[in-house]
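Chemist: Here it is: the structure, laid out below.
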Amino acid sequence: MNIDILLGLQWGDEGKGKIVDAISPGYDIIARFQGGPNAGHSLEFNNVKHVLHLIPSGIFHPEKINIIGNGVVIDPAVFKKETESLGLPKQELIKRLVISARANLILPGHRILDAAYEHQKGCSKIGSTLKGIGPAYTDKVARNGLRVGEILKDDFRDLYNAHLESHLSLLRNFDFTFDLKEYEAGWFEGIELLKKFRIINTEYLINNLTSKGKKLLAEGAQGTMLDIDFGSYPFVTSSNTISAGACTGLGISPKRIGEVFGIFKAYCTRVGSGPFPTELSDQTGALLREKGHEFGSTTGRPRRCGWLDLPALKYAIMLNGVTQLFMTKSDVVSGFSNIKVCTSYLSAGKEVTEITFDNSPVEPVYAELPGWMENISGIREYSGLPENLKKYIKFIEDQTGIPVTMVSVGPDRKETIFR
Ligand code: GDP
Ligand code: IMO
Ligand code: MG
């Protein structure tokens, strides 16, 4: 089985971009299967940091095929900006990147509707990245979407206008002012750029190549706790972020999946609204934010920080069929005399470990482990890590039953330890 999946086990921003880039040399194809420009995947090498939103994190490796799969929603304006930020010659990018004709477009009206819905929700807003994700997936599921393949047809402008009309008529129900014109201009420039890329039925390319032995890495976006079905609904994104989403978002059979790499931070963060049982609204939370530079890669918003939540992690492992755990940001929890880990919750006085469907309030129950003081960023061998960090990892392995096979000790490609 030569298709592996790497996905987030928490609320996003686990370090997927960094690790996909680091392990890309072992693959022939790197493919995004869901989400859209709400994602911000950072990776660093040669002292330069790149943030990707739509383009898979294997793009900096020559000779790899990168695919934006059918499950992704694409905003052409964001796509154009992103291509310009990469520092890669356009012809090289066109060689490395293939786009599914079945991927749905995020239209300018979707962005405005996203903002209008959030505005209407007031203090119960989701904290969306406002990239138009929810409305674009809504139109897809309602069978009103516009797909990338359509841009190559002569009547595309007419199709666009019909969609615009329907969005404008929806927007008349809101007391919300907006200016579409400027965004529309950049959007159409993005459409012209998209036309230069290979827009194909990527499911054939994927199945043909992997049947011939080529290796594919499916790159998740967001995290399991933001999954539309299993996350803390309604404070979630609008796609299936779990491993099943890789099958529908790329057109592959579950039988073809090999490893499922589940990535998690040594602590937890969340951007946007919604429950977060281990959230620390104190000095410790502020310290984690400062040490971990926990500010959103897409929106710049401060991320909420807290201790590791094992019931949530176990839930994510179960839903995804995780075979290996990758732990990132271990360096950020250096320097604490004690580290807390949530092992269960108290709900109305009772100890529970299930994640409920209705976000009913829970209090975390913590185990406390001894910390370590060393700066670990320069360490490259597992054996060189502090004993108390190894005990922390062993504790997580014992609790979850899954091996931690990779430990990340810094944002750079090289700051990665494989066991
Ligand atoms: P993604 O959305 O899962 O790709 O994660 P983001 O890129 O949004 O957020 C992760 C942040 O942590 C980025 O700024 C990364 O450069 C950084 N990062 C990744 N791994 C590590 C690590 O092991 N240690 C530290 N200190 N930073 C890391
Ligand atoms: P990556 O791939 C963290 C959050 C938003 C909001 C909710 C819904 O970088 O891990 P949406 O824009 O989808 O309508 O927002 O989901 N969110 C993310 N949080 N990382 C992400 O992506 C996210 N993408 C969406 O903050 O709470
Ligand atoms: Mg991110």
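The way I read the labels, and the way they are meant: chains A, B, ... in the order of the structure tokens, residue 1 as the first residue of every chain, and ligand 1 as the first ligand shown, with later ones counted on from there.
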Can I get the residues close to ligand 2 as a ChimeraX atom specification, where close means within 7 Å and we count only C-alpha atoms and all ligand atoms?

Modeler: /A:11-14,38-41,126-134,221-223,226,235-238,270-273,297

Chemist: What residues of the protein or nucleic acid chains come within 9 Å of ligand 1 when you use only C-alpha atoms and all ligand atoms? Reply as a ChimeraX atom specification.

Modeler: /A:7-8,12-20,39-44,49-53,57,220-223,263-266,291-298,327-332,377,407-413,415-416

Chemist: Extract, using only C-alpha atoms, all DNA, RNA and protein residues at most 10 Å from Lys64 (chain A), discarding same-chain residues fewer than 6 positions from it, and format them as a ChimeraX atom specification.

Modeler: /A:24-25,27-30,58,95-97,216

Chemist: Can I get the selected residues back with C-alpha atoms, as an mmCIF file, in the first residue's frame?

Modeler:
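New file selection_6.cif:
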```cif
data_model
loop_
_atom_site.group_PDB
_atom_site.id
_atom_site.type_symbol
_atom_site.label_atom_id
_atom_site.label_comp_id
_atom_site.auth_asym_id
_atom_site.auth_seq_id
_atom_site.Cartn_x
_atom_site.Cartn_y
_atom_site.Cartn_z
ATOM 1 C CA SER A 24 8.236 14.694 0.877
ATOM 2 C CA PRO A 25 11.563 13.238 -0.380
ATOM 3 C CA TYR A 27 7.090 10.337 -1.939
ATOM 4 C CA ASP A 28 6.404 10.927 -5.648
ATOM 5 C CA ILE A 29 3.077 12.732 -5.247
ATOM 6 C CA ILE A 30 1.842 15.105 -2.520
ATOM 7 C CA GLY A 58 5.684 19.222 -1.319
ATOM 8 C CA LYS A 95 5.362 21.486 -14.154
ATOM 9 C CA ARG A 96 5.009 20.544 -10.479
ATOM 10 C CA LEU A 97 1.332 21.300 -9.828
ATOM 11 C CA LEU A 216 1.490 9.347 -2.583
#
```

Chemist: Which residues are close to region 335-338 of chain A, i.e. within 9 Å by only C-alpha atoms, leaving aside same-chain residues fewer than 6 positions away? Reply as a ChimeraX atom specification.

Modeler: /A:368-375

Chemist: Give the answer as one residue: which of A:Cys247, A:Leu54, A:Val352, A:Ile23 has the shortest atom-to-atom distance to ligand 3, using only C-alpha atoms and all ligand atoms?

Modeler: A:Leu54

Chemist: Write out as a PyMOL selection string all residues of region 140-290 of chain A that DSSP puts in helix (DSSP H, G or I) for this structure's backbone.

Modeler: chain A and resi 140-141+148-152+156-171+181-194+202-211+224-226+243-250+254-256+283-290

Chemist: Please list as an MDAnalysis selection string every residue within 12 Å of Tyr137 (chain A), counting only C-alpha atoms and excluding residues in the same chain fewer than 5 positions away.

Modeler: chainID A and resid 34:36 70:74 103:107 110:111 114 131:132 142:147 228 237:240

Chemist: Those selected residues, please, written with N, CA, C and O atoms and delivered as an mmCIF file, in the first residue's frame.

Modeler:
```cif
data_model
loop_
_atom_site.group_PDB
_atom_site.id
_atom_site.type_symbol
_atom_site.label_atom_id
_atom_site.label_comp_id
_atom_site.auth_asym_id
_atom_site.auth_seq_id
_atom_site.Cartn_x
_atom_site.Cartn_y
_atom_site.Cartn_z
ATOM 1 N N GLN A 34 -8.767 18.269 1.045
ATOM 2 C CA GLN A 34 -9.942 19.026 1.527
ATOM 3 C C GLN A 34 -9.515 20.407 1.998
ATOM 4 O O GLN A 34 -8.333 20.738 2.001
ATOM 5 N N GLY A 35 -10.503 21.170 2.410
ATOM 6 C CA GLY A 35 -10.230 22.519 2.890
ATOM 7 C C GLY A 35 -9.892 23.431 1.726
ATOM 8 O O GLY A 35 -10.060 23.074 0.554
ATOM 9 N N GLY A 36 -9.418 24.606 2.072
ATOM 10 C CA GLY A 36 -9.084 25.586 1.046
ATOM 11 C C GLY A 36 -8.135 26.591 1.645
ATOM 12 O O GLY A 36 -7.301 26.224 2.488
ATOM 13 N N ASN A 70 -9.930 16.968 -5.768
ATOM 14 C CA ASN A 70 -11.331 17.347 -5.983
ATOM 15 C C ASN A 70 -12.023 17.831 -4.718
ATOM 16 O O ASN A 70 -12.997 18.584 -4.769
ATOM 17 N N GLY A 71 -11.533 17.415 -3.534
ATOM 18 C CA GLY A 71 -12.197 17.787 -2.285
ATOM 19 C C GLY A 71 -11.861 19.184 -1.801
ATOM 20 O O GLY A 71 -12.442 19.673 -0.825
ATOM 21 N N VAL A 72 -10.910 19.837 -2.486
ATOM 22 C CA VAL A 72 -10.462 21.175 -2.062
ATOM 23 C C VAL A 72 -11.366 22.238 -2.688
ATOM 24 O O VAL A 72 -11.920 22.033 -3.766
ATOM 25 N N VAL A 73 -11.528 23.360 -2.005
ATOM 26 C CA VAL A 73 -12.215 24.509 -2.607
ATOM 27 C C VAL A 73 -11.169 25.598 -2.884
ATOM 28 O O VAL A 73 -10.386 25.947 -2.001
ATOM 29 N N ILE A 74 -11.182 26.107 -4.123
ATOM 30 C CA ILE A 74 -10.091 26.971 -4.599
ATOM 31 C C ILE A 74 -10.570 28.392 -4.857
ATOM 32 O O ILE A 74 -11.529 28.607 -5.598
ATOM 33 N N ALA A 103 -12.568 20.081 -8.506
ATOM 34 C CA ALA A 103 -12.494 20.930 -7.310
ATOM 35 C C ALA A 103 -13.458 22.100 -7.481
ATOM 36 O O ALA A 103 -13.570 22.660 -8.577
ATOM 37 N N ASN A 104 -14.157 22.476 -6.418
ATOM 38 C CA ASN A 104 -15.109 23.588 -6.495
ATOM 39 C C ASN A 104 -14.393 24.927 -6.314
ATOM 40 O O ASN A 104 -13.403 25.022 -5.578
ATOM 41 N N LEU A 105 -14.931 25.925 -6.987
ATOM 42 C CA LEU A 105 -14.372 27.279 -6.872
ATOM 43 C C LEU A 105 -15.010 28.025 -5.709
ATOM 44 O O LEU A 105 -16.216 27.887 -5.454
ATOM 45 N N ILE A 106 -14.193 28.800 -5.018
ATOM 46 C CA ILE A 106 -14.740 29.784 -4.071
ATOM 47 C C ILE A 106 -14.971 31.045 -4.892
ATOM 48 O O ILE A 106 -14.024 31.609 -5.454
ATOM 49 N N LEU A 107 -16.207 31.464 -5.007
ATOM 50 C CA LEU A 107 -16.545 32.653 -5.796
ATOM 51 C C LEU A 107 -16.496 33.893 -4.895
ATOM 52 O O LEU A 107 -16.645 33.779 -3.669
ATOM 53 N N HIS A 110 -19.059 34.029 -2.287
ATOM 54 C CA HIS A 110 -18.923 33.144 -1.115
ATOM 55 C C HIS A 110 -18.205 33.851 0.036
ATOM 56 O O HIS A 110 -18.549 33.667 1.203
ATOM 57 N N ARG A 111 -17.201 34.639 -0.319
ATOM 58 C CA ARG A 111 -16.465 35.369 0.743
ATOM 59 C C ARG A 111 -17.377 36.375 1.430
ATOM 60 O O ARG A 111 -17.375 36.515 2.659
ATOM 61 N N ASP A 114 -19.850 34.573 3.632
ATOM 62 C CA ASP A 114 -19.186 34.105 4.850
ATOM 63 C C ASP A 114 -19.178 35.229 5.895
ATOM 64 O O ASP A 114 -19.549 35.038 7.064
ATOM 65 N N LYS A 131 -12.716 33.084 4.548
ATOM 66 C CA LYS A 131 -12.200 32.848 3.190
ATOM 67 C C LYS A 131 -13.280 32.305 2.261
ATOM 68 O O LYS A 131 -12.990 31.902 1.133
ATOM 69 N N GLY A 132 -14.508 32.212 2.753
ATOM 70 C CA GLY A 132 -15.605 31.750 1.891
ATOM 71 C C GLY A 132 -15.800 30.243 1.905
ATOM 72 O O GLY A 132 -16.530 29.684 1.075
ATOM 73 N N ALA A 142 -25.240 21.547 -2.120
ATOM 74 C CA ALA A 142 -26.580 21.877 -2.626
ATOM 75 C C ALA A 142 -26.656 21.729 -4.151
ATOM 76 O O ALA A 142 -27.686 22.026 -4.746
ATOM 77 N N ARG A 143 -25.549 21.297 -4.744
ATOM 78 C CA ARG A 143 -25.459 21.085 -6.199
ATOM 79 C C ARG A 143 -25.600 22.378 -6.988
ATOM 80 O O ARG A 143 -26.117 22.418 -8.078
ATOM 81 N N ASN A 144 -25.098 23.453 -6.357
ATOM 82 C CA ASN A 144 -25.094 24.762 -7.024
ATOM 83 C C ASN A 144 -23.674 25.252 -7.277
ATOM 84 O O ASN A 144 -23.473 26.426 -7.569
ATOM 85 N N GLY A 145 -22.691 24.381 -7.108
ATOM 86 C CA GLY A 145 -21.297 24.831 -7.173
ATOM 87 C C GLY A 145 -20.814 25.063 -8.591
ATOM 88 O O GLY A 145 -21.439 24.651 -9.568
ATOM 89 N N LEU A 146 -19.673 25.739 -8.685
ATOM 90 C CA LEU A 146 -19.017 25.966 -9.974
ATOM 91 C C LEU A 146 -17.639 25.325 -9.838
ATOM 92 O O LEU A 146 -16.906 25.625 -8.889
ATOM 93 N N ARG A 147 -17.301 24.419 -10.762
ATOM 94 C CA ARG A 147 -16.064 23.663 -10.584
ATOM 95 C C ARG A 147 -14.945 24.155 -11.510
ATOM 96 O O ARG A 147 -15.213 24.749 -12.562
ATOM 97 N N ILE A 228 -16.278 18.411 10.093
ATOM 98 C CA ILE A 228 -17.696 18.813 9.999
ATOM 99 C C ILE A 228 -18.623 17.834 10.739
ATOM 100 O O ILE A 228 -19.646 18.245 11.293
ATOM 101 N N THR A 237 -14.964 23.458 10.694
ATOM 102 C CA THR A 237 -14.883 23.886 9.302
ATOM 103 C C THR A 237 -15.916 23.101 8.504
ATOM 104 O O THR A 237 -16.708 22.342 9.082
ATOM 105 N N SER A 238 -15.929 23.232 7.187
ATOM 106 C CA SER A 238 -17.040 22.660 6.415
ATOM 107 C C SER A 238 -16.659 21.424 5.604
ATOM 108 O O SER A 238 -17.344 21.087 4.651
ATOM 109 N N SER A 239 -15.558 20.767 5.993
ATOM 110 C CA SER A 239 -15.164 19.559 5.249
ATOM 111 C C SER A 239 -14.826 18.440 6.229
ATOM 112 O O SER A 239 -14.674 18.675 7.426
ATOM 113 N N ASN A 240 -14.701 17.218 5.682
ATOM 114 C CA ASN A 240 -14.236 16.087 6.504
ATOM 115 C C ASN A 240 -12.718 16.108 6.523
ATOM 116 O O ASN A 240 -12.051 15.824 5.528
#
```

Chemist: From the list A:Ile252, A:Ile67, A:Ile99, A:Ala115, which residue is nearest Ser211 (chain A) when using only C-alpha atoms?

Modeler: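 Selected residue with least distance to Ser211 (chain A): A:Ile252.
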
Chemist: Using only C-alpha atoms and all ligand atoms, pick whichever of A:Gly401, A:Pro37, A:Gly251, A:Gly306 has the shortest atom-to-atom distance to ligand 3.

Modeler: A:Pro37

Chemist: Any idea what the distance is between CA of Ala246 (chain A) and CA of Ala218 (chain A)?

Modeler: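 Taking CA of Ala246 (chain A) as the start and CA of Ala218 (chain A) as the end point, the length is 6.6 Å.
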
Chemist: Go through region 351-410 of chain A and collect every residue that DSSP, computed from the backbone, puts in strand (DSSP E or B); the answer should be as a list in words.

Modeler: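 Here are the strand (DSSP E or B) residues of region 351-410 of chain A: Glu351, Val352, Glu363, Pro364, Val365, Tyr366, Ala367, Glu368, Leu369, Pro370, Val404, Thr405, Met406, Val407 and Ser408 of chain A.
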
Chemist: Please determine, counting only C-alpha atoms and all ligand atoms, which residue among A:Gln10, A:Lys215, A:Ile65, A:Pro386 has the shortest atom-to-atom distance to ligand 3.

Modeler: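 Comparing A:Gln10, A:Lys215, A:Ile65, A:Pro386 against ligand 3, the winner is A:Gln10.
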